[in-house]
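Pasting data_30.cif here (mmCIF, C-alpha atoms):
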```
data_target
#
loop_
_atom_site.group_PDB
_atom_site.id
_atom_site.type_symbol
_atom_site.label_atom_id
_atom_site.label_comp_id
_atom_site.auth_asym_id
_atom_site.auth_seq_id
_atom_site.Cartn_x
_atom_site.Cartn_y
_atom_site.Cartn_z
ATOM 1 C CA MET O 1 25.468 7.714 -12.143
ATOM 2 C CA GLU O 2 21.841 6.848 -11.529
ATOM 3 C CA GLY O 3 22.442 3.482 -13.159
ATOM 4 C CA LYS O 4 24.911 2.602 -10.392
ATOM 5 C CA VAL O 5 22.442 3.686 -7.720
ATOM 6 C CA ILE O 6 19.712 1.597 -9.310
ATOM 7 C CA SER O 7 22.018 -1.428 -9.480
ATOM 8 C CA ALA O 8 22.890 -0.942 -5.808
ATOM 9 C CA CYS O 9 19.160 -0.758 -4.975
ATOM 10 C CA GLN O 10 18.607 -3.976 -6.879
ATOM 11 C CA ARG O 11 21.251 -5.575 -4.628
ATOM 12 C CA GLY O 12 19.335 -4.309 -1.569
ATOM 13 C CA ASP O 13 21.676 -1.464 -0.579
ATOM 14 C CA ARG O 14 19.705 0.676 1.856
ATOM 15 C CA GLU O 15 21.891 3.753 1.354
ATOM 16 C CA ALA O 16 21.213 3.563 -2.363
ATOM 17 C CA PHE O 17 17.490 3.466 -1.634
ATOM 18 C CA ARG O 18 17.885 6.638 0.391
ATOM 19 C CA GLN O 19 19.812 8.297 -2.432
ATOM 20 C CA LEU O 20 17.167 7.319 -4.968
ATOM 21 C CA PHE O 21 14.457 8.595 -2.645
ATOM 22 C CA GLU O 22 16.197 11.971 -2.244
ATOM 23 C CA THR O 23 16.509 12.291 -6.020
ATOM 24 C CA HIS O 24 12.860 11.611 -6.788
ATOM 25 C CA LYS O 25 10.907 12.539 -3.644
ATOM 26 C CA ASP O 26 9.871 16.051 -4.769
ATOM 27 C CA ARG O 27 8.796 14.809 -8.180
ATOM 28 C CA VAL O 28 6.691 11.984 -6.735
ATOM 29 C CA TYR O 29 5.186 14.148 -4.014
ATOM 30 C CA SER O 30 4.394 17.003 -6.421
ATOM 31 C CA ILE O 31 2.447 14.774 -8.778
ATOM 32 C CA ALA O 32 0.596 13.176 -5.874
ATOM 33 C CA LEU O 33 -0.212 16.558 -4.321
ATOM 34 C CA ARG O 34 -1.359 18.185 -7.530
ATOM 35 C CA PHE O 35 -3.448 15.181 -8.479
ATOM 36 C CA ALA O 36 -5.064 14.682 -5.069
ATOM 37 C CA GLY O 37 -5.174 18.352 -4.003
ATOM 38 C CA ASN O 38 -4.610 17.340 -0.413
ATOM 39 C CA PRO O 39 -1.264 17.029 1.468
ATOM 40 C CA ASN O 40 -2.372 14.074 3.592
ATOM 41 C CA THR O 41 -3.560 12.086 0.600
ATOM 42 C CA ALA O 42 -0.411 13.094 -1.271
ATOM 43 C CA MET O 43 1.730 11.671 1.536
ATOM 44 C CA ASP O 44 -0.194 8.383 1.356
ATOM 45 C CA ILE O 45 0.249 8.206 -2.410
ATOM 46 C CA ALA O 46 3.954 9.109 -2.235
ATOM 47 C CA GLN O 47 4.547 6.537 0.497
ATOM 48 C CA GLU O 48 2.761 3.868 -1.508
ATOM 49 C CA THR O 49 4.735 4.796 -4.621
ATOM 50 C CA PHE O 50 8.116 4.457 -2.891
ATOM 51 C CA LEU O 51 7.126 1.184 -1.249
ATOM 52 C CA LYS O 52 6.149 -0.151 -4.663
ATOM 53 C CA LEU O 53 9.368 1.220 -6.126
ATOM 54 C CA PHE O 54 11.581 -0.418 -3.480
ATOM 55 C CA SER O 55 9.765 -3.738 -3.634
ATOM 56 C CA SER O 56 9.763 -3.960 -7.426
ATOM 57 C CA ILE O 57 13.031 -2.292 -8.412
ATOM 58 C CA ARG O 58 14.527 -5.699 -9.203
ATOM 59 C CA ASP O 59 11.980 -5.895 -12.020
ATOM 60 C CA PHE O 60 13.346 -2.725 -13.632
ATOM 61 C CA ARG O 61 15.251 -3.885 -16.709
ATOM 62 C CA GLY O 62 15.881 -0.545 -18.347
ATOM 63 C CA ASP O 63 13.471 -1.101 -21.244
ATOM 64 C CA SER O 64 12.228 2.434 -20.655
ATOM 65 C CA SER O 65 14.010 5.247 -18.833
ATOM 66 C CA PHE O 66 13.934 5.156 -15.050
ATOM 67 C CA ASP O 67 12.090 8.483 -15.005
ATOM 68 C CA THR O 68 9.320 7.029 -17.158
ATOM 69 C CA TRP O 69 9.162 3.977 -14.891
ATOM 70 C CA ILE O 70 8.830 6.054 -11.730
ATOM 71 C CA TYR O 71 6.235 8.298 -13.383
ATOM 72 C CA ARG O 72 4.201 5.196 -14.204
ATOM 73 C CA LEU O 73 4.414 4.057 -10.595
ATOM 74 C CA VAL O 74 3.182 7.344 -9.205
ATOM 75 C CA VAL O 75 0.448 7.675 -11.833
ATOM 76 C CA ASN O 76 -0.814 4.177 -11.016
ATOM 77 C CA SER O 77 -0.722 4.967 -7.296
ATOM 78 C CA CYS O 78 -2.715 8.162 -7.915
ATOM 79 C CA LEU O 79 -5.353 6.350 -9.958
ATOM 80 C CA ASP O 80 -5.529 3.425 -7.508
ATOM 81 C CA HIS O 81 -5.919 5.780 -4.594
ATOM 82 C CA ARG O 82 -8.609 7.682 -6.414
ATOM 83 C CA ARG O 83 -10.571 4.493 -7.038
ATOM 84 C CA LYS O 84 -10.395 3.555 -3.373
ATOM 85 C CA ALA O 85 -11.022 7.021 -1.949
ATOM 86 C CA TRP O 86 -14.165 7.793 -0.065
ATOM 87 C CA ARG O 87 -15.885 10.423 -2.130
ATOM 88 C CA LEU O 88 -17.032 12.546 0.795
ATOM 89 C CA LEU O 89 -13.544 13.058 2.212
ATOM 90 C CA PRO O 90 -12.471 15.730 -0.287
ATOM 91 C CA LEU O 91 -15.683 17.606 0.443
ATOM 92 C CA ALA O 92 -14.909 17.515 4.163
ATOM 93 C CA GLY O 93 -11.394 18.731 3.403
ATOM 94 C CA GLU O 94 -12.667 21.645 1.386
ATOM 95 C CA PHE O 95 -15.125 22.568 4.128
ATOM 96 C CA LEU O 96 -12.351 22.601 6.738
ATOM 97 C CA ALA O 97 -10.123 24.606 4.398
ATOM 98 C CA THR O 98 -12.902 27.173 4.049
ATOM 99 C CA LEU O 99 -13.228 27.447 7.820
ATOM 100 C CA THR O 100 -9.507 27.942 8.326
ATOM 101 C CA THR O 101 -9.041 30.520 5.560
ATOM 102 C CA SER O 102 -7.602 33.627 7.149
ATOM 103 C CA GLY O 103 -8.411 37.157 6.130
ATOM 104 C CA GLY O 104 -6.105 39.332 4.044
ATOM 105 C CA LYS O 105 -5.906 41.950 1.377
ATOM 106 C CA LEU O 106 -8.568 41.982 -1.284
ATOM 107 C CA ASP O 107 -6.213 40.957 -4.081
ATOM 108 C CA ASP O 108 -4.876 38.092 -2.000
ATOM 109 C CA LEU O 109 -8.403 36.933 -1.395
ATOM 110 C CA LEU O 110 -9.241 37.284 -5.054
ATOM 111 C CA ARG O 111 -6.133 35.353 -6.021
ATOM 112 C CA GLU O 112 -6.936 32.711 -3.450
ATOM 113 C CA GLU O 113 -10.503 32.506 -4.687
ATOM 114 C CA ALA O 114 -9.326 32.113 -8.260
ATOM 115 C CA GLY O 115 -6.889 29.395 -7.231
ATOM 116 C CA GLY O 116 -9.626 27.634 -5.305
ATOM 117 C CA ARG O 117 -11.949 27.820 -8.304
ATOM 118 C CA LEU O 118 -9.280 26.367 -10.540
ATOM 119 C CA ARG O 119 -8.509 23.654 -7.996
ATOM 120 C CA ASP O 120 -12.211 22.757 -7.874
ATOM 121 C CA ALA O 121 -12.339 22.705 -11.649
ATOM 122 C CA ILE O 122 -9.273 20.435 -11.804
ATOM 123 C CA ASP O 123 -10.831 18.135 -9.208
ATOM 124 C CA GLN O 124 -13.899 17.795 -11.399
ATOM 125 C CA LEU O 125 -11.921 16.660 -14.413
ATOM 126 C CA PRO O 126 -12.018 12.948 -15.199
ATOM 127 C CA ASP O 127 -8.940 11.121 -13.861
ATOM 128 C CA SER O 128 -7.449 10.579 -17.308
ATOM 129 C CA LEU O 129 -7.590 14.305 -18.094
ATOM 130 C CA ARG O 130 -6.437 15.357 -14.639
ATOM 131 C CA ILE O 131 -3.328 13.156 -14.592
ATOM 132 C CA THR O 132 -2.438 14.421 -18.078
ATOM 133 C CA VAL O 133 -2.752 18.020 -16.914
ATOM 134 C CA VAL O 134 -0.687 17.327 -13.783
ATOM 135 C CA LEU O 135 2.129 15.669 -15.726
ATOM 136 C CA ARG O 136 2.127 18.551 -18.198
ATOM 137 C CA TYR O 137 2.016 21.445 -15.758
ATOM 138 C CA THR O 138 3.645 20.056 -12.621
ATOM 139 C CA GLN O 139 6.501 18.248 -14.342
ATOM 140 C CA GLY O 140 6.585 20.045 -17.683
ATOM 141 C CA LEU O 141 6.670 16.772 -19.596
ATOM 142 C CA SER O 142 6.397 16.844 -23.365
ATOM 143 C CA TYR O 143 3.466 15.226 -25.154
ATOM 144 C CA GLU O 144 5.732 12.331 -26.141
ATOM 145 C CA GLU O 145 6.917 11.789 -22.556
ATOM 146 C CA ILE O 146 3.366 11.897 -21.197
ATOM 147 C CA ALA O 147 2.297 9.459 -23.896
ATOM 148 C CA GLU O 148 5.049 7.031 -22.857
ATOM 149 C CA VAL O 149 4.091 7.262 -19.181
ATOM 150 C CA LEU O 150 0.379 6.827 -19.805
ATOM 151 C CA GLY O 151 0.750 4.260 -22.566
ATOM 152 C CA CYS O 152 -1.161 6.221 -25.192
ATOM 153 C CA SER O 153 -0.294 8.188 -28.323
ATOM 154 C CA PRO O 154 0.911 11.824 -28.316
ATOM 155 C CA GLY O 155 -2.262 12.641 -30.232
ATOM 156 C CA THR O 156 -4.351 11.317 -27.365
ATOM 157 C CA VAL O 157 -2.339 13.460 -24.950
ATOM 158 C CA ALA O 158 -2.978 16.529 -27.084
ATOM 159 C CA SER O 159 -6.656 15.711 -27.260
ATOM 160 C CA ARG O 160 -6.912 15.237 -23.497
ATOM 161 C CA LEU O 161 -5.120 18.504 -22.785
ATOM 162 C CA ASN O 162 -7.394 20.293 -25.224
ATOM 163 C CA ARG O 163 -10.496 18.845 -23.563
ATOM 164 C CA ALA O 164 -9.147 19.743 -20.130
ATOM 165 C CA HIS O 165 -8.477 23.312 -21.261
ATOM 166 C CA ARG O 166 -11.968 23.703 -22.630
ATOM 167 C CA ALA O 167 -13.504 22.314 -19.445
ATOM 168 C CA LEU O 168 -11.405 24.623 -17.272
ATOM 169 C CA GLU O 169 -12.198 27.624 -19.473
ATOM 170 C CA ARG O 170 -15.923 26.921 -19.135
ATOM 171 C CA THR O 171 -15.592 26.733 -15.361
ATOM 172 C CA LEU O 172 -13.390 29.781 -15.062
ATOM 173 C CA SER O 173 -15.044 32.079 -17.591
ATOM 174 C CA PRO O 174 -17.293 33.766 -14.983
ATOM 175 C CA TRP O 175 -14.118 34.699 -13.109
ATOM 176 C CA ALA O 176 -12.072 35.714 -16.109
ATOM 177 C CA ASN O 177 -12.735 39.445 -15.800
ATOM 178 C CA GLU O 178 -11.803 39.548 -12.139
ATOM 179 C CA LEU O 179 -8.677 37.555 -12.853
ATOM 180 C CA ARG O 180 -7.670 39.841 -15.724
ATOM 181 C CA ALA O 181 -8.239 42.869 -13.526
ATOM 182 C CA GLY O 182 -6.131 41.249 -10.827
ATOM 183 C CA TYR O 183 -3.182 40.778 -13.188
ATOM 184 C CA ALA O 184 -3.530 44.164 -14.905
ATOM 185 C CA MET M 1 -8.663 32.972 -22.068
ATOM 186 C CA ARG M 2 -6.432 30.058 -23.019
ATOM 187 C CA ASP M 3 -3.312 31.935 -21.878
ATOM 188 C CA LEU M 4 -5.029 32.775 -18.642
ATOM 189 C CA VAL M 5 -5.870 29.122 -18.001
ATOM 190 C CA ASP M 6 -2.288 28.184 -18.891
ATOM 191 C CA TYR M 7 -0.929 30.728 -16.447
ATOM 192 C CA GLU M 8 -3.316 29.671 -13.701
ATOM 193 C CA LEU M 9 -2.494 26.014 -14.223
ATOM 194 C CA GLU M 10 1.232 26.717 -13.994
ATOM 195 C CA GLN M 11 0.658 28.588 -10.747
ATOM 196 C CA GLU M 12 -1.760 26.137 -9.216
ATOM 197 C CA LEU M 13 0.112 22.996 -10.253
ATOM 198 C CA ALA M 14 3.641 24.209 -9.545
ATOM 199 C CA PRO M 15 6.061 21.589 -8.176
ATOM 200 C CA ALA M 16 6.173 21.220 -4.401
ATOM 201 C CA HIS M 17 8.748 20.031 -1.893
ATOM 202 C CA ALA M 18 8.157 16.707 -0.207
ATOM 203 C CA PRO M 19 7.886 16.967 3.596
ATOM 204 C CA ASP M 20 10.868 15.616 5.553
ATOM 205 C CA GLU M 21 8.707 13.025 7.277
ATOM 206 C CA LEU M 22 8.044 11.229 3.994
ATOM 207 C CA TRP M 23 11.207 9.121 4.387
ATOM 208 C CA ASP M 24 10.094 8.100 7.898
ATOM 209 C CA ARG M 25 6.697 7.204 6.497
ATOM 210 C CA VAL M 26 8.284 5.091 3.783
ATOM 211 C CA CYS M 27 10.601 3.319 6.240
ATOM 212 C CA GLY M 28 7.801 2.870 8.771
ATOM 213 C CA GLY M 29 5.461 1.554 6.118
ATOM 214 C CA ASP M 30 8.140 -0.830 4.921
ATOM 215 C CA THR M 31 8.714 -2.159 8.438
ATOM 216 C CA GLN M 32 5.014 -2.562 9.063
ATOM 217 C CA PHE M 33 4.630 -4.240 5.706
ATOM 218 C CA ARG M 34 7.341 -6.778 6.513
ATOM 219 C CA ALA M 35 5.990 -7.293 10.020
ATOM 220 C CA ARG M 36 2.572 -8.113 8.662
ATOM 221 C CA ARG M 37 3.959 -10.524 6.132
ATOM 222 C CA THR M 38 6.254 -12.368 8.525
ATOM 223 C CA HIS M 39 4.467 -12.298 11.848
ATOM 224 C CA ARG M 40 0.893 -12.976 10.922
ATOM 225 C CA PRO M 41 1.408 -16.604 9.819
ATOM 226 C CA TRP M 42 3.354 -17.267 13.008
ATOM 227 C CA ALA M 43 0.610 -15.734 15.103
ATOM 228 C CA ALA M 44 -2.014 -17.841 13.340
ATOM 229 C CA THR M 45 0.038 -21.006 13.765
ATOM 230 C CA ALA M 46 0.675 -20.246 17.425
ATOM 231 C CA VAL M 47 -3.068 -19.950 17.995
ATOM 232 C CA LEU M 48 -3.573 -23.205 16.100
ATOM 233 C CA THR M 49 -0.969 -24.911 18.298
ATOM 234 C CA LEU M 50 -2.658 -23.657 21.446
ATOM 235 C CA LEU M 51 -6.039 -24.889 20.244
ATOM 236 C CA THR M 52 -4.535 -28.275 19.381
ATOM 237 C CA VAL M 53 -2.996 -28.591 22.852
ATOM 238 C CA ILE M 54 -6.265 -27.632 24.514
ATOM 239 C CA ALA M 55 -8.165 -30.122 22.360
ATOM 240 C CA PHE M 56 -5.632 -32.815 23.220
ATOM 241 C CA GLN M 57 -5.911 -32.139 26.935
ATOM 242 C CA VAL M 58 -9.691 -32.098 26.795
ATOM 243 C CA THR M 59 -9.642 -35.424 24.945
ATOM 244 C CA LEU M 60 -7.363 -36.939 27.580
ATOM 245 C CA ASN M 61 -9.525 -35.654 30.411
ATOM 246 C CA HIS M 62 -12.652 -36.879 28.695
ATOM 247 C CA ALA M 63 -11.122 -40.313 28.109
ATOM 248 C CA GLY M 64 -10.104 -40.524 31.756
ATOM 249 C CA ALA M 65 -13.520 -39.473 32.995
ATOM 250 C CA THR M 66 -15.370 -42.061 30.901
ATOM 251 C CA GLY M 67 -13.049 -44.928 31.830
ATOM 252 C CA HIS M 68 -11.339 -45.163 28.447
ATOM 253 C CA ARG M 69 -7.582 -44.930 28.220
ATOM 254 C CA ILE M 70 -5.310 -44.408 25.336
ATOM 255 C CA ALA M 71 -3.737 -47.691 24.393
ATOM 256 C CA ASP M 72 -0.041 -47.891 23.660
ATOM 257 C CA ALA M 73 1.372 -49.121 20.434
ATOM 258 C CA ASP M 74 2.320 -52.618 21.550
ATOM 259 C CA SER M 75 -0.727 -53.580 23.452
ATOM 260 C CA CYS M 76 -4.386 -52.918 23.558
ATOM 261 C CA GLN M 77 -4.118 -52.504 27.296
ATOM 262 C CA PRO M 78 -4.788 -48.992 28.481
ATOM 263 C CA SER M 79 -1.974 -46.751 29.617
ATOM 264 C CA ASP M 80 -2.219 -45.292 33.054
ATOM 265 C CA SER M 81 -1.354 -41.855 31.774
ATOM 266 C CA ALA M 82 -0.323 -39.922 28.729
ATOM 267 C CA ALA M 83 1.776 -36.826 29.244
ATOM 268 C CA LEU M 84 2.128 -33.871 26.912
ATOM 269 C CA THR M 85 5.835 -33.237 26.340
ATOM 270 C CA ALA M 86 6.064 -30.641 23.610
ATOM 271 C CA ALA M 87 4.057 -28.117 21.672
ATOM 272 C CA ARG M 88 5.700 -25.990 19.041
ATOM 273 C CA VAL M 89 5.440 -24.488 15.584
ATOM 274 C CA VAL M 90 7.604 -26.135 12.953
ATOM 275 C CA ARG M 91 8.379 -25.162 9.399
ATOM 276 C CA ALA M 92 8.142 -27.688 6.613
ATOM 277 C CA ASN M 93 8.293 -26.889 2.901
ATOM 278 C CA HIS M 94 7.369 -23.206 3.376
ATOM 279 C CA ALA M 95 4.402 -24.192 5.551
ATOM 280 C CA ARG M 96 4.179 -23.709 9.266
ATOM 281 C CA ILE M 97 2.402 -26.415 11.207
ATOM 282 C CA ALA M 98 1.585 -27.074 14.816
ATOM 283 C CA SER M 99 3.453 -29.991 16.338
ATOM 284 C CA ILE M 100 2.770 -31.626 19.683
ATOM 285 C CA GLY M 101 4.497 -34.488 21.411
ATOM 286 C CA PHE M 102 3.339 -36.764 24.208
ATOM 287 C CA ASP M 103 4.658 -39.719 26.169
ATOM 288 C CA LEU M 104 2.805 -43.000 26.395
ATOM 289 C CA PRO M 105 4.230 -45.368 29.014
ATOM 290 C CA GLN M 106 5.382 -48.641 27.430
ATOM 291 C CA ARG M 107 3.951 -51.866 28.817
ATOM 292 C CA PRO M 108 4.665 -55.442 27.906
ATOM 293 C CA ALA M 109 2.252 -56.794 25.379
ATOM 294 C CA ALA M 110 -0.559 -58.817 26.819
ATOM 295 C CA ALA M 111 -0.131 -62.501 25.989
ATOM 296 C CA SER M 112 -3.448 -63.908 26.860
ATOM 297 C CA GLY M 113 -6.983 -63.261 26.024
ATOM 298 C CA GLU M 114 -7.771 -62.733 29.671
ATOM 299 C CA ASP M 115 -5.446 -59.733 29.843
ATOM 300 C CA GLY M 116 -6.460 -58.401 26.479
ATOM 301 C CA CYS M 117 -9.406 -56.521 25.354
ATOM 302 C CA GLY M 118 -11.255 -59.504 24.088
ATOM 303 C CA ARG M 119 -11.058 -58.440 20.454
ATOM 304 C CA CYS M 120 -7.455 -58.579 19.268
ATOM 305 C CA HIS M 121 -5.792 -60.943 21.757
ATOM 306 C CA ALA M 122 -8.644 -63.283 22.471
ATOM 307 C CA LEU M 123 -8.440 -64.975 19.074
#
```
Rewrite the coordinates I just gave you, this time as structure tokens.
Amino acid sequence: MEGKVISACQRGDREAFRQLFETHKDRVYSIALRFAGNPNTAMDIAQETFLKLFSSIRDFRGDSSFDTWIYRLVVNSCLDHRRKAWRLLPLAGEFLATLTTSGGKLDDLLREEAGGRLRDAIDQLPDSLRITVVLRYTQGLSYEEIAEVLGCSPGTVASRLNRAHRALERTLSPWANELRAGYA
Amino acid sequence: MRDLVDYELEQELAPAHAPDELWDRVCGGDTQFRARRTHRPWAATAVLTLLTVIAFQVTLNHAGATGHRIADADSCQPSDSAALTAARVVRANHARIASIGFDLPQRPAAASGEDGCGRCHAL
């Protein structure tokens, strides 16, 4: 089914483009959002990914699965965007988010605080670890699938996930008791 | 601790829905992309054409003011006037170039050295 849509896209069928977009938009946007941590940046990355996809779909020969191909596009867009990004912008975003945080119940605040801490910790991971974590937890890809997307071995994926876990545990350990109490 | 991090990661990195305006952004970006690619060379060539026309007119005016005239092809005698007839952008082998046209009044070739310039016909 998707093969026909892809062939139609390669012939320049605009309706097929729309169909392909509808199929993959949430996946592309989710990876962009979870990598960047910011909806505006995620929109930029998703837009760039689909523009790349539509302009280069004629180059898709089916050597790898289409899902792997589209994952590679969005991963490259994420990493490219990260290289170009002005480093102070995320800080400004976090500051504004802090200002606009509304009040609520204590457990909601605690949960929100924990999520914020984790988000900060994820943001501090090196790009290679962060994109591996995002593909694993946002898309639920297997080690083998992640390895194919990133062009590395499954062992490298396992190693990166292990390093990411250890880094996140170090960052979150001061909050572990509160979190445990929150889930008890 | 590892389970806790796993759980938190699954919560924090859960899939999200793309906003509806993403398609508009993609289409808009595509249109802008094409517009940049197709219109910018034309804009640059149009400016080049305008500059060429201005330079041509200035040259004509300058020649007229200093007593020099543009000679026609058949004679070294000066033409009374040269008129600009066309200015456009043309496409040739994937390149866009400025093209201008002008009229030079034809005059009979001078036959004697007295009518000539003293260099080519006075031999």
Legend entry - 6 Å contacts from chain O to chain M using only C-alpha atoms, as an NGL selection string: :O and (26 or 29-30 or 34 or 47 or 137-138)
Legend entry - Explicit residues for the PyMOL selection byres ((chain O and resi 169) around 10) (as number ranges by chain): O: 118, 121, 163-168, 170-176; M: 1-2, 4-6
Inset, instruction - State, in Å with one decimal place, the distance from atom CA of O:Cys9 to atom CA of O:Leu51. - result: 12.7 Å
Inset, instruction - Counting all atoms listed in the file, note down every residue that has an atom within 9 Å of the point (19.4, -5.5, -8.8) (file coordinates), as a PyMOL selection string. - result: chain O and resi 6-12+57-60
Inset, instruction - Might you spell out which residues the PyMOL selection byres ((chain O and resi 158) around 12) would select in the displayed file, as a list of chain:residue names? - result: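 Taken on the displayed file, the PyMOL selection byres ((chain O and resi 158) around 12) yields the residues O:Leu129, O:Thr132, O:Val133, O:Arg136, O:Ser142, O:Tyr143, O:Glu144, O:Glu145, O:Ile146, O:Ala147, O:Cys152, O:Ser153, O:Pro154, O:Gly155, O:Thr156, O:Val157, O:Ser159, O:Arg160, O:Leu161, O:Asn162, O:Arg163, O:Ala164, O:His165.
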Legend entry - Among the residues O:Gly116, O:Ser128, O:Ser55, O:Ile122, the one that comes closest to O:Cys78 [using all atoms listed in the file]: O:Ser128
Inset, instruction - Could you tell me which residues the PyMOL selection byres ((chain M and resi 52-54) around 10) grabs in this file, written as a PyMOL selection string? - result: chain M and resi 46-51+55-60+84+86-88+98-101
Inset, instruction - Mind listing whatever residues come within 7 Å of the point (-7.6, 10.3, -12.0)? Use all atoms listed in the file, file coordinates, and give them as a PyMOL selection string. - result: chain O and resi 78-79+82+126-128+130-131
